[in-house]
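Engineer: The structure under discussion is supplied below as structure tokens; questions concerning it will follow.
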Amino acid sequence: MNYLSGTGLIGAVMTGVTLLRGSRDTKITWRSALAWVSWAISLSLAIGAVVDTRRARHGRPVSPDSPVYAKQQREQEKEAKRSAKVKPLKR
């Protein structure tokens with residue numbers, strides 16, 4: 001449920017609703033087709049961001065072209081530094 005309340009996803013859905021209301025009684029022109037294609041791209045990008053965020057939170061690898069990838073890399077570097085600082089116990 002946490003992922004579904006993302007602003008990108010909510011914005012894409014609201015844009016789709018607005019497009020649907022505006023195109024009910026009009027003919028399909030190249031401009032309206034282009035608007036629907038643009039909306040589909042925006043929706044797919046928002047869904048991809050949700051998927052990448054979920055993967056990163058579960059510790060699974062994220063695609064290098066994702067904005068979440070840089071954050072995941074930083075977290076892995078921090079974890080590597082933390083584990084290098086921990087000294088083994090002497091017996």
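Chain lettering (A, B, ...) mirrors the order of the structure tokens, residue numbering begins at 1 for each chain separately, and ligand numbering begins at 1 in order of display.
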Pro67 of chain A: which residues within 12 Å, counting only C-alpha atoms, same-chain residues fewer than 4 positions away excluded, as a list of chain:residue names?

Structural biologist: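 Here the answer would be A:Leu45, A:Ala46, A:Gly48, A:Ala49, A:Val50, A:Val51, A:Asp52, A:Thr53, A:Ala56, A:Val62, A:Ser63, A:Lys71, A:Gln72, A:Gln73.
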
Engineer: Near segment 12-23 of chain A, within 9 Å and counting only C-alpha atoms, which residues show up once chain neighbours fewer than 4 positions away are dropped, as a list in words?

Structural biologist: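 Residues near the query, excluding close chain neighbours: Thr7, Gly8, Lys27, Ile28, Ser32, Ala35, Trp36, Trp39, Ala40, Ser42, Leu43, Ser44 and Ala46 of chain A.
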
Engineer: Those residues with C-alpha atoms, as an mmCIF file, in the first residue's frame please?

Structural biologist:
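Just written: selection_22.cif:
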```cif
data_model
loop_
_atom_site.group_PDB
_atom_site.id
_atom_site.type_symbol
_atom_site.label_atom_id
_atom_site.label_comp_id
_atom_site.auth_asym_id
_atom_site.auth_seq_id
_atom_site.Cartn_x
_atom_site.Cartn_y
_atom_site.Cartn_z
ATOM 1 C CA THR A 7 3.041 11.111 -6.168
ATOM 2 C CA GLY A 8 4.116 9.948 -9.627
ATOM 3 C CA LYS A 27 -13.208 13.125 -32.228
ATOM 4 C CA ILE A 28 -9.878 11.373 -32.088
ATOM 5 C CA SER A 32 -5.489 13.489 -28.654
ATOM 6 C CA ALA A 35 -1.785 12.949 -25.429
ATOM 7 C CA TRP A 36 -2.821 9.342 -24.758
ATOM 8 C CA TRP A 39 -0.017 9.503 -20.662
ATOM 9 C CA ALA A 40 0.808 5.825 -21.246
ATOM 10 C CA SER A 42 4.103 8.591 -17.896
ATOM 11 C CA LEU A 43 2.090 5.796 -16.313
ATOM 12 C CA SER A 44 4.631 3.144 -17.272
ATOM 13 C CA ALA A 46 5.595 5.715 -12.588
#
```

Engineer: With DSSP run on the backbone, what are the alpha helix (DSSP H) residues within chain A? I'd like them as an NGL selection string.

Structural biologist: :A and (7-22 or 30-57 or 67-85)

Engineer: Tell me, in Å to one decimal, how far atom CA of Arg57 of chain A is from atom CA of Glu75 of chain A.

Structural biologist: 10.9 Å

Engineer: Determine the nearest neighbour of Ile41 of chain A from the options A:Arg24, A:Leu9, A:Tyr69, A:Pro64, counting only C-alpha atoms.

Structural biologist: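 Going through A:Arg24, A:Leu9, A:Tyr69, A:Pro64 one by one, the smallest distance to Ile41 of chain A is for A:Leu9.
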
Engineer: May I ask for the distance between atom CA of Ile10 of chain A and atom CA of Arg55 of chain A, given in Å to one decimal place?

Structural biologist: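 One can read the atom CA of Ile10 of chain A to atom CA of Arg55 of chain A distance as 19.9 Å.
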